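Structure file model-v4.cif (mmCIF, C-alpha atoms and all ligand atoms) is printed below.
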```cif
data_data
#
loop_
_atom_site.label_atom_id
_atom_site.label_comp_id
_atom_site.auth_asym_id
_atom_site.auth_seq_id
_atom_site.Cartn_x
_atom_site.Cartn_y
_atom_site.Cartn_z
CA MET G 1278 -20.02 -1.66 -19.38
CA ALA G 1279 -20.28 1.89 -20.77
CA LEU G 1280 -21.49 2.95 -17.35
CA GLN G 1281 -18.57 1.24 -15.67
CA MET G 1282 -16.09 2.89 -17.97
CA SER G 1283 -17.59 6.34 -17.60
CA ALA G 1284 -17.61 5.93 -13.83
CA LEU G 1285 -14.00 4.93 -13.87
CA PHE G 1286 -13.06 7.82 -16.17
CA SER G 1287 -14.97 10.34 -14.12
CA TYR G 1288 -13.09 9.03 -11.11
CA VAL G 1289 -9.73 9.48 -12.78
CA ARG G 1290 -10.58 12.85 -14.33
CA ALA G 1291 -12.36 14.38 -11.36
CA PRO G 1292 -11.08 17.75 -10.12
CA LEU G 1293 -10.11 16.54 -6.68
CA CYS G 1294 -8.40 13.63 -8.21
CA THR G 1295 -6.29 15.35 -10.84
CA VAL G 1296 -3.51 12.93 -10.26
CA PRO G 1297 -1.62 10.68 -12.64
CA LEU G 1298 -2.91 7.16 -13.09
CA PRO G 1299 0.03 5.50 -11.28
CA ARG G 1300 -0.75 7.62 -8.24
CA VAL G 1301 -4.37 6.48 -8.43
CA CYS G 1302 -3.16 2.90 -8.45
CA ALA G 1303 -0.98 3.57 -5.42
CA ASP G 1304 -3.93 5.23 -3.71
CA ILE G 1305 -6.08 2.23 -4.46
CA GLN G 1306 -3.51 0.04 -2.77
CA ARG G 1307 -3.46 2.34 0.22
CA ALA G 1308 -7.24 2.39 0.19
CA GLY G 1309 -7.11 -1.38 0.42
CA ILE G 1310 -5.20 -1.02 3.66
CA LYS G 1311 -7.65 1.53 5.05
CA PHE G 1312 -10.48 -0.71 3.91
CA LYS G 1313 -8.98 -3.56 5.87
CA HIS G 1314 -8.74 -1.53 9.03
CA ILE G 1315 -12.20 -0.10 8.64
CA PHE G 1316 -13.62 -3.59 9.09
CA THR G 1317 -11.10 -4.82 11.62
CA PRO G 1318 -12.57 -4.95 15.10
CA GLY G 1319 -10.63 -3.00 17.70
CA SER G 1320 -7.96 -0.43 17.08
CA PRO G 1321 -6.00 -0.51 13.88
CA GLN G 1322 -2.26 -0.93 14.20
CA LEU G 1323 0.28 1.68 13.35
CA GLY G 1324 3.69 0.14 13.16
CA GLY G 1325 2.72 -2.43 15.74
CA LYS G 1326 1.17 0.18 18.06
CA PRO G 1327 -2.48 1.15 18.18
CA ALA G 1328 -3.14 4.23 16.08
CA THR G 1329 -4.77 7.05 17.93
CA SER G 1330 -7.78 7.48 15.74
CA PRO G 1331 -8.58 5.50 12.66
CA LEU G 1332 -9.84 7.31 9.60
CA ARG G 1333 -12.89 5.10 9.75
CA GLY G 1334 -14.56 7.49 12.14
CA HIS G 1335 -14.33 10.30 9.64
CA ILE G 1336 -15.88 9.06 6.46
CA HIS G 1337 -17.47 12.26 5.22
CA THR G 1338 -19.35 13.12 2.13
CA ALA G 1339 -16.88 15.01 0.04
CA PRO G 1340 -17.29 17.02 -3.13
CA ARG G 1341 -15.36 14.31 -4.96
CA ALA G 1342 -17.66 11.58 -3.75
CA GLU G 1343 -20.71 13.56 -4.82
CA LYS G 1344 -19.34 14.05 -8.30
CA PHE G 1345 -18.56 10.38 -8.50
CA SER G 1346 -22.11 9.54 -7.47
CA THR G 1347 -23.76 11.75 -10.07
CA THR G 1348 -21.80 10.21 -12.88
CA THR G 1349 -22.83 6.71 -11.95
CA THR G 1350 -26.36 6.45 -10.63
CA ALA G 1351 -28.69 8.15 -8.22
CA ALA G 1352 -28.91 4.93 -6.24
CA PHE G 1353 -25.15 5.15 -5.73
CA ARG G 1354 -25.23 8.58 -4.14
CA TRP G 1355 -23.89 9.33 -0.68
CA SER G 1356 -25.54 12.43 0.55
CA ARG G 1357 -24.28 15.10 2.92
CA GLN G 1358 -26.51 13.71 5.64
CA ASP G 1359 -24.30 10.62 5.62
CA SER G 1360 -21.39 12.59 6.96
CA GLY G 1361 -22.66 12.24 10.49
CA SER G 1362 -22.75 8.47 10.44
CA SER G 1363 -19.50 6.90 11.40
CA SER G 1364 -18.50 3.79 9.54
CA SER G 1365 -17.45 2.31 12.85
CA SER G 1366 -21.05 2.37 14.05
CA PRO G 1367 -23.32 -0.51 12.98
CA GLN G 1368 -25.32 1.91 10.80
CA GLY G 1369 -22.15 3.36 9.37
CA ARG G 1370 -20.75 -0.07 8.64
CA ALA G 1371 -24.01 -1.18 7.05
CA GLY G 1372 -23.97 1.99 4.92
CA TRP G 1373 -20.42 1.32 3.88
CA LEU G 1374 -21.11 -2.28 3.05
CA GLY G 1375 -24.23 -1.22 1.17
CA ARG G 1376 -22.26 1.18 -0.95
CA VAL G 1377 -19.57 -1.32 -1.66
CA ALA G 1378 -22.22 -3.94 -2.53
CA LEU G 1379 -24.03 -1.45 -4.78
CA GLY G 1380 -20.79 -0.58 -6.45
CA ALA G 1381 -20.14 -4.26 -6.99
CA ALA G 1382 -23.65 -4.66 -8.42
CA PHE G 1383 -22.80 -1.96 -10.92
CA GLY G 1384 -19.62 -3.72 -11.82
CA LEU G 1385 -17.26 -1.33 -10.05
CA SER G 1386 -14.43 -2.90 -8.17
CA ALA G 1387 -14.49 -2.66 -4.38
CA ALA G 1388 -11.13 -0.92 -4.63
CA VAL G 1389 -12.62 1.87 -6.76
CA VAL G 1390 -15.55 2.33 -4.40
CA VAL G 1391 -13.33 2.32 -1.36
CA GLN G 1392 -10.89 4.64 -3.07
CA SER G 1393 -13.66 7.09 -3.79
CA LEU G 1394 -14.54 7.19 -0.10
CA HIS G 1395 -10.89 7.35 0.86
CA THR G 1396 -10.19 10.22 -1.55
CA GLY G 1397 -13.26 12.02 -0.31
CA THR G 1398 -12.11 11.62 3.28
CA LEU G 1399 -8.64 12.89 2.50
CA ALA G 1400 -10.05 15.84 0.54
CA ALA G 1401 -12.37 16.72 3.42
CA MET G 1402 -9.50 16.44 5.91
CA ALA G 1403 -7.17 18.48 3.68
CA GLN G 1404 -9.69 21.30 3.84
CA LYS G 1405 -9.97 21.01 7.62
CA VAL G 1406 -6.28 20.75 8.56
CA ASN G 1407 -4.95 23.87 10.24
CA LEU G 1408 -1.60 23.37 11.88
CA ASN G 1409 -1.50 26.97 13.10
CA SER G 1410 -4.46 26.61 15.40
CA ALA G 1411 -4.87 24.75 18.67
CA GLU G 1412 -8.56 24.31 17.91
CA GLY G 1413 -8.17 21.34 15.58
CA ASP G 1414 -8.54 17.67 16.47
CA TRP G 1415 -4.98 16.36 16.87
CA LYS G 1416 -6.01 12.74 16.37
CA GLU G 1417 -7.70 13.42 13.04
CA THR G 1418 -4.82 15.61 11.94
CA LYS G 1419 -2.27 13.01 12.96
CA ASP G 1420 -4.05 10.24 11.06
CA PHE G 1421 -4.30 12.47 8.03
CA LEU G 1422 -0.63 13.54 8.05
CA LEU G 1423 0.61 10.00 8.63
CA SER G 1424 -1.43 8.76 5.67
CA LEU G 1425 0.38 11.15 3.28
CA SER G 1426 3.53 10.52 1.32
CA VAL G 1427 6.50 12.77 2.14
CA LYS G 1428 5.84 14.67 -1.10
CA ASP G 1429 2.20 15.33 -0.20
CA ARG G 1430 3.11 16.29 3.36
CA ARG G 1431 5.50 19.05 2.24
CA GLN G 1432 2.73 21.61 1.78
CA TYR G 1433 2.04 21.40 5.54
CA TYR G 1434 5.57 22.18 6.75
CA ARG G 1435 5.76 25.19 9.06
CA THR G 1436 9.38 25.86 8.18
CA PRO G 1437 10.67 27.38 4.95
CA LYS G 1438 13.68 25.07 4.88
CA SER G 1439 13.76 21.30 5.01
CA VAL G 1440 16.72 18.97 4.60
CA PRO G 1441 15.98 15.57 3.05
CA LEU G 1442 17.81 12.48 4.24
CA ASP G 1443 19.67 12.21 0.91
CA ASN G 1444 21.33 15.57 1.59
CA ILE G 1445 22.72 14.44 4.92
CA GLU G 1446 26.21 13.08 4.49
CA VAL G 1447 27.09 9.63 5.71
CA TRP G 1448 29.98 9.34 8.18
CA THR G 1449 33.32 8.50 6.63
CA PRO G 1450 35.54 6.91 9.26
CA THR G 1451 38.72 8.74 10.04
CA ALA G 1452 41.67 7.68 12.13
CA ALA G 1453 41.28 8.46 15.83
CA ALA G 1454 42.91 11.77 16.74
CA GLY G 1455 44.41 10.78 20.09
CA SER G 1456 46.26 7.73 21.34
CA GLU G 1457 43.06 6.03 22.57
CA LYS G 1458 42.20 2.86 20.63
CA SER G 1459 38.70 1.85 19.59
CA LYS G 1460 37.08 -1.03 21.48
CA TYR G 1461 35.04 -1.84 18.39
CA PRO G 1462 36.02 -3.45 15.09
CA ARG G 1463 35.50 -1.65 11.79
CA ASN G 1464 32.05 -2.33 10.40
CA GLU G 1465 31.43 -0.67 7.06
CA LYS G 1466 27.73 -1.48 7.08
CA LEU G 1467 27.29 0.39 10.35
CA ASP G 1468 29.44 3.33 9.21
CA LYS G 1469 26.97 3.94 6.38
CA LYS G 1470 24.18 4.27 8.92
CA ILE G 1471 25.82 7.13 10.80
CA SER G 1472 25.78 10.88 10.12
CA LEU G 1473 27.12 13.91 11.91
CA TYR G 1474 24.98 16.90 10.97
CA SER G 1475 25.49 20.48 12.10
CA GLY G 1476 22.35 22.55 12.22
CA ASP G 1477 18.75 22.82 13.27
CA ILE G 1478 17.07 19.49 13.98
CA THR G 1479 13.65 21.01 13.19
CA GLN G 1480 14.56 21.12 9.50
CA LEU G 1481 15.31 17.44 9.03
CA GLU G 1482 12.98 15.61 6.67
CA ILE G 1483 13.44 12.16 8.14
CA ASP G 1484 11.29 9.61 9.95
CA ALA G 1485 11.88 10.76 13.52
CA ILE G 1486 13.67 13.50 15.44
CA VAL G 1487 14.36 13.14 19.14
CA ASN G 1488 13.36 15.94 21.51
CA ALA G 1489 15.27 16.69 24.70
CA ALA G 1490 12.08 17.30 26.68
CA ASN G 1491 11.18 17.64 30.36
CA ASN G 1492 8.97 15.40 32.53
CA SER G 1493 5.79 17.34 31.71
CA LEU G 1494 6.26 16.96 27.93
CA LEU G 1495 4.50 20.29 27.61
CA GLY G 1496 7.38 22.19 26.02
CA GLY G 1497 10.19 24.36 27.33
CA GLY G 1498 13.29 26.14 26.05
CA GLY G 1499 16.27 24.93 23.99
CA VAL G 1500 15.63 22.30 21.36
CA ASP G 1501 12.28 21.47 22.99
CA GLY G 1502 11.09 25.03 22.41
CA ALA G 1503 12.31 25.00 18.81
CA ILE G 1504 10.52 21.71 18.10
CA HIS G 1505 7.22 22.88 19.60
CA ARG G 1506 7.39 26.24 17.79
CA THR G 1507 7.88 24.63 14.40
CA ALA G 1508 5.49 21.73 14.91
CA GLY G 1509 2.67 24.07 15.95
CA PRO G 1510 0.14 23.95 18.80
CA LEU G 1511 -1.29 20.49 18.04
CA LEU G 1512 1.98 18.94 19.22
CA LYS G 1513 1.37 20.24 22.72
CA LYS G 1514 -2.18 18.90 22.59
CA GLU G 1515 -0.99 15.40 21.73
CA CYS G 1516 1.81 15.65 24.32
CA ALA G 1517 -0.76 16.57 26.98
CA SER G 1518 -2.55 13.28 26.27
CA LEU G 1519 0.61 11.33 27.17
CA HIS G 1520 0.61 12.37 30.85
CA GLY G 1521 4.29 13.17 31.10
CA CYS G 1522 7.39 11.03 30.76
CA GLU G 1523 9.86 9.62 33.28
CA THR G 1524 13.54 10.52 33.06
CA GLY G 1525 15.25 8.10 30.68
CA GLU G 1526 11.97 7.03 29.03
CA ALA G 1527 10.74 7.98 25.54
CA LYS G 1528 7.32 8.65 24.02
CA ILE G 1529 6.36 9.24 20.41
CA THR G 1530 4.01 11.73 18.75
CA CYS G 1531 3.23 12.98 15.29
CA ALA G 1532 5.50 15.84 14.17
CA TYR G 1533 2.69 18.01 12.71
CA GLY G 1534 4.26 21.03 10.95
CA LEU G 1535 7.80 19.65 11.13
CA PRO G 1536 9.37 17.99 8.11
CA ALA G 1537 9.97 14.86 10.21
CA LYS G 1538 7.18 12.32 10.48
CA TYR G 1539 7.46 11.70 14.23
CA VAL G 1540 8.92 13.36 17.31
CA ILE G 1541 10.31 11.03 19.96
CA HIS G 1542 10.31 12.86 23.28
CA THR G 1543 12.84 11.73 25.84
CA VAL G 1544 13.76 13.25 29.18
CA GLY G 1545 17.44 13.48 29.97
CA PRO G 1546 18.91 13.58 33.47
CA ILE G 1547 19.50 16.89 35.20
CA ALA G 1548 23.24 16.94 35.83
CA GLN G 1549 23.82 20.40 37.23
CA GLY G 1550 24.87 18.82 40.53
CA GLY G 1551 27.41 16.57 38.80
CA VAL G 1552 27.38 13.26 36.97
CA GLY G 1553 27.04 10.05 38.97
CA GLU G 1554 26.02 6.52 38.01
CA VAL G 1555 22.32 7.49 38.03
CA GLN G 1556 22.74 10.31 35.52
CA LYS G 1557 24.95 8.15 33.34
CA LYS G 1558 22.42 5.31 33.35
CA ASP G 1559 19.54 7.68 32.64
CA LEU G 1560 21.31 9.29 29.71
CA ARG G 1561 22.05 5.88 28.21
CA SER G 1562 18.38 4.93 28.69
CA CYS G 1563 17.33 8.06 26.78
CA TYR G 1564 19.30 6.95 23.72
CA ARG G 1565 18.33 3.28 23.98
CA ASN G 1566 14.62 3.92 24.60
CA SER G 1567 14.46 6.49 21.81
CA LEU G 1568 15.96 3.99 19.35
CA GLN G 1569 13.60 1.27 20.57
CA THR G 1570 10.63 3.60 20.15
CA ALA G 1571 11.80 4.48 16.64
CA THR G 1572 12.15 0.88 15.50
CA ALA G 1573 8.86 -0.13 17.14
CA ASN G 1574 7.19 2.50 14.94
CA ASP G 1575 9.07 1.63 11.76
CA ALA G 1576 11.01 4.88 11.84
CA ARG G 1577 14.18 4.02 9.94
CA SER G 1578 15.96 7.38 10.16
CA VAL G 1579 16.40 9.09 13.52
CA ALA G 1580 18.19 12.27 14.58
CA PHE G 1581 19.41 13.04 18.11
CA PRO G 1582 20.28 16.41 19.60
CA CYS G 1583 22.92 16.34 22.37
CA ILE G 1584 20.48 15.34 25.11
CA SER G 1585 20.92 16.96 28.55
CA THR G 1586 23.99 18.96 27.54
CA GLY G 1587 22.21 22.34 27.43
CA ILE G 1588 19.90 23.55 30.18
CA TYR G 1589 20.25 20.23 32.08
CA GLY G 1590 24.00 20.75 32.40
CA TYR G 1591 25.45 17.32 31.49
CA PRO G 1592 29.08 17.90 30.45
CA PRO G 1593 29.11 17.45 26.65
CA GLU G 1594 32.55 15.79 26.72
CA GLN G 1595 31.08 13.01 28.89
CA ALA G 1596 27.65 12.81 27.21
CA VAL G 1597 29.19 12.18 23.78
CA HIS G 1598 30.56 8.81 24.99
CA GLU G 1599 27.20 7.61 26.30
CA ALA G 1600 25.48 8.65 23.06
CA LEU G 1601 28.02 6.97 20.79
CA ALA G 1602 28.31 3.78 22.86
CA ILE G 1603 24.55 3.16 22.96
CA VAL G 1604 24.05 3.89 19.27
CA ARG G 1605 26.91 1.53 18.38
CA GLU G 1606 25.52 -1.23 20.60
CA TYR G 1607 21.97 -0.78 19.33
CA LEU G 1608 23.06 -0.82 15.69
CA GLU G 1609 25.11 -3.98 16.25
CA GLU G 1610 21.92 -5.76 17.29
CA HIS G 1611 19.28 -4.03 15.16
CA HIS G 1612 21.10 -2.82 12.04
CA ASP G 1613 18.32 -4.24 9.84
CA LYS G 1614 15.75 -1.95 11.44
CA LEU G 1615 17.52 1.37 10.96
CA ASP G 1616 18.89 3.11 7.87
CA ARG G 1617 20.41 6.15 9.54
CA VAL G 1618 21.17 7.55 12.97
CA ILE G 1619 22.07 11.23 12.81
CA PHE G 1620 23.94 13.07 15.56
CA CYS G 1621 22.58 16.57 15.10
CA VAL G 1622 24.89 19.10 16.72
CA PHE G 1623 24.06 22.75 17.14
CA MET G 1624 27.27 24.18 18.56
CA PRO G 1625 30.66 24.05 16.82
CA THR G 1626 32.18 22.73 20.07
CA ASP G 1627 29.82 19.75 19.98
CA ARG G 1628 30.77 19.06 16.38
CA GLU G 1629 34.43 18.97 17.44
CA LEU G 1630 33.62 16.52 20.24
CA TYR G 1631 31.82 14.16 17.86
CA LEU G 1632 34.57 14.41 15.25
CA GLN G 1633 37.11 13.48 17.93
CA ASN G 1634 35.11 10.62 19.39
CA LEU G 1635 33.26 9.03 16.46
CA PRO G 1636 36.43 7.12 15.42
CA LEU G 1637 36.44 5.41 18.84
CA TYR G 1638 33.01 3.89 18.23
CA PHE G 1639 32.94 3.70 14.42
CA PRO G 1640 36.63 3.25 13.64
CA ALA G 1641 38.43 3.34 10.33
CA ALA G 1642 40.11 0.18 9.07
CA PRO G 1643 43.54 -0.35 10.53
CA THR G 1644 46.14 1.43 8.41
CA GLU G 1645 48.51 -0.64 6.32
CA THR G 1646 51.37 0.18 8.66
CA THR G 1647 49.40 -1.06 11.64
CA VAL G 1648 48.53 -4.28 9.86
CA LYS G 1649 52.12 -4.82 8.76
CA SER G 1650 53.50 -4.14 12.20
CA LYS G 1651 51.17 -6.82 13.58
CA LEU G 1652 52.43 -9.46 11.17
N1 LIG G 1701 18.59 21.80 16.82
C1 LIG G 1701 19.52 20.95 17.32
N2 LIG G 1701 20.04 21.08 18.54
C2 LIG G 1701 19.63 22.11 19.29
C3 LIG G 1701 18.68 23.03 18.86
C4 LIG G 1701 18.14 22.85 17.56
N3 LIG G 1701 17.22 23.66 17.06
N4 LIG G 1701 18.48 23.94 19.85
C5 LIG G 1701 19.29 23.61 20.85
N5 LIG G 1701 19.99 22.50 20.53
P1 LIG G 1701 18.63 21.69 25.64
P2 LIG G 1701 18.57 19.69 27.76
C6 LIG G 1701 20.98 21.75 21.30
O1 LIG G 1701 18.89 22.77 26.64
O2 LIG G 1701 19.91 20.10 28.22
C7 LIG G 1701 14.15 22.45 27.87
O3 LIG G 1701 13.61 23.56 28.50
C8 LIG G 1701 21.74 22.48 22.37
O4 LIG G 1701 22.82 23.19 21.81
O5 LIG G 1701 17.64 21.99 24.59
O6 LIG G 1701 18.28 18.25 27.63
C9 LIG G 1701 13.35 21.20 28.14
O7 LIG G 1701 11.98 21.46 28.25
C10 LIG G 1701 22.19 21.33 23.23
O8 LIG G 1701 23.38 20.79 22.68
O9 LIG G 1701 18.15 20.34 26.35
C11 LIG G 1701 13.94 20.75 29.43
O10 LIG G 1701 13.37 21.44 30.50
C12 LIG G 1701 21.11 20.30 23.09
O11 LIG G 1701 20.28 20.75 22.02
C13 LIG G 1701 15.39 21.11 29.30
O12 LIG G 1701 15.43 22.20 28.37
C14 LIG G 1701 20.25 20.08 24.33
O13 LIG G 1701 20.03 21.31 24.99
C15 LIG G 1701 16.19 19.97 28.73
O14 LIG G 1701 17.54 20.33 28.78
#
```
Starting from the coordinates I provided, produce the structure as structure tokens.
Amino acid sequence: MALQMSALFSYVRAPLCTVPLPRVCADIQRAGIKFKHIFTPGSPQLGGKPATSPLRGHIHTAPRAEKFSTTTTAAFRWSRQDSGSSSSSPQGRAGWLGRVALGAAFGLSAAVVVQSLHTGTLAAMAQKVNLNSAEGDWKETKDFLLSLSVKDRRQYYRTPKSVPLDNIEVWTPTAAAGSEKSKYPRNEKLDKKISLYSGDITQLEIDAIVNAANNSLLGGGGVDGAIHRTAGPLLKKECASLHGCETGEAKITCAYGLPAKYVIHTVGPIAQGGVGEVQKKDLRSCYRNSLQTATANDARSVAFPCISTGIYGYPPEQAVHEALAIVREYLEEHHDKLDRVIFCVFMPTDRELYLQNLPLYFPAAPTETTVKSKL
């Protein structure tokens, strides 16, 4: 019993684990999830989609794990040589099971044993992560970043400024400016899910930002350039693995050095030759597919730039209607899956366009006079 207690205390007090007890408990819960996917055959799921690379392949000996081992028993030691054996291999799995069984034999809970490995893995990864270099393994880095809480991820941001969701104002419906009437009824629940934000999308600390990309997904100018610059070179590496994207489609990646968790890359239509039915349909698909990709990955807050209205030449005064109509329709059907959709505008003229047109899609309640005149 004394041994169990000292092991537990050494775990809680250890230098790499100088975290408050509640955090340890939360980590143990998370470790339980990792533990489950370590022993699950096939790919683990990430928000319903296969994750790129499970942590199970990277169970390394870590300084923390060594310390833990010396305070318990020599038989419970995982040596540096172990770091080469993947827990997904039969030997690795046997080793893992052996350690867990040994831990159990010594009266330590499986959660504590698993947590020790988990903490060791995270500590080893934390030392390896370099978002400024293209040399790193994007899959390992992605798994690592996605396993962190927002608070823990902040130290990896490659931007000095980040804007949390709580600082982004919710849309307050105003009366429509012109004579045009809204086709939609007032819905206060939906209003609270909408924001109009002026500024740089790369600073938003939310679940997902949408990138107005090109078919190669390998970066470019405009907002695409800004996103790649801030995310760092691993974003391009992950994008290269996606083999491009069709116009109107959307694909998701980790956001690396950005404050957002994910980047959803969509390719808007080129409209320099004018807007026809094809361009209109493609632009609508960009918004719809981006929202679908977000909800399929449990991203509950999403920000859009004004897709196609820059280099691709779609007239902003037409694009705003497609954007607002699709977001309204999608929210009507899937309001339970999204907390916030942010229209992130960069140019004052775009802000004006959204201010003018938002009341057509997210209208204010009819004024008293209107109601009275109807009676
Ligand atoms: N934050 C928010 N919005 C921005 C930002 C930013 N940091 N920077 C620009 N915008 P564009 P497109 C706005 O040209 O028309 C690239 O080369 C900008 O004011 O970025 O879809 C791609 O690789 C405009 O309102 O995208 C493609 O080749 C909006 O983002 C091509 O450009 C979109 O402008 C895509 O062209």
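Using only C-alpha atoms and all ligand atoms for every distance, the candidate list G:Leu1494, G:Leu1511, G:Leu1615, G:Val1500 yields G:Val1500 as the residue closest to ligand LIG 1701 (chain G).
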(request) Between G:Tyr1638, G:Ser1578, G:Gln1633, G:Lys1514, single out the one closest to Lys1614 in chain G, counting only C-alpha atoms. (result) G:Ser1578
(message) For a test of reading the model, state the distance in Å between CA of Asp1616 in chain G and CA of Lys1458 in chain G, rounded to one decimal.
(response)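 Pair CA of Asp1616 in chain G / CA of Lys1458 in chain G returns 26.6 Å.
Atom pair CA of Ile1603 in chain G / CA of Tyr1564 in chain G: separated by 6.5 Å.
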(message) One number please: CA of Tyr1474 in chain G to CA of Asp1613 in chain G, in Å, one decimal.
(response) 22.2 Å
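Compared by their closest atoms to ligand LIG 1701 (chain G), and using only C-alpha atoms and all ligand atoms, the residues G:Tyr1589, G:Tyr1533, G:Phe1639, G:Phe1620 rank with G:Tyr1589 nearest.
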(message) At a cut-off of 9 Å around ligand LIG 1701 (chain G), and using only C-alpha atoms and all ligand atoms, what residues come up? Please write them as a VMD selection string.
(response) chain G and resid 1475 to 1480 1488 to 1504 1543 to 1548 1581 to 1591 1593 1621 to 1624 1627
(request) Would you list the contacts of Trp1448 in chain G as a ChimeraX atom specification, taking every protein, DNA or RNA residue within 10 Å and counting only C-alpha atoms, but skipping same-chain residues closer than 2 positions in sequence? (result) /G:1445-1446,1450-1451,1467-1474,1619,1632,1635-1636,1639
(message) I'd like to know which of G:Pro1437, G:Gln1556, G:Glu1515, G:Ile1486 is closest to Ile1541 in chain G, using all atoms listed in the file.
(response) G:Ile1486
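Comparing G:Thr1626, G:Asn1464, G:Ala1580, G:Ala1453 by their smallest distance to Ala1537 in chain G, the closest is G:Ala1580 (using all atoms listed in the file).
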(message) My list of candidates is G:Ala1596, G:Cys1522, G:Ala1532, G:Ala1573. Which is closest to Lys1557 in chain G when distances are computed with only C-alpha atoms?
(response) G:Ala1596
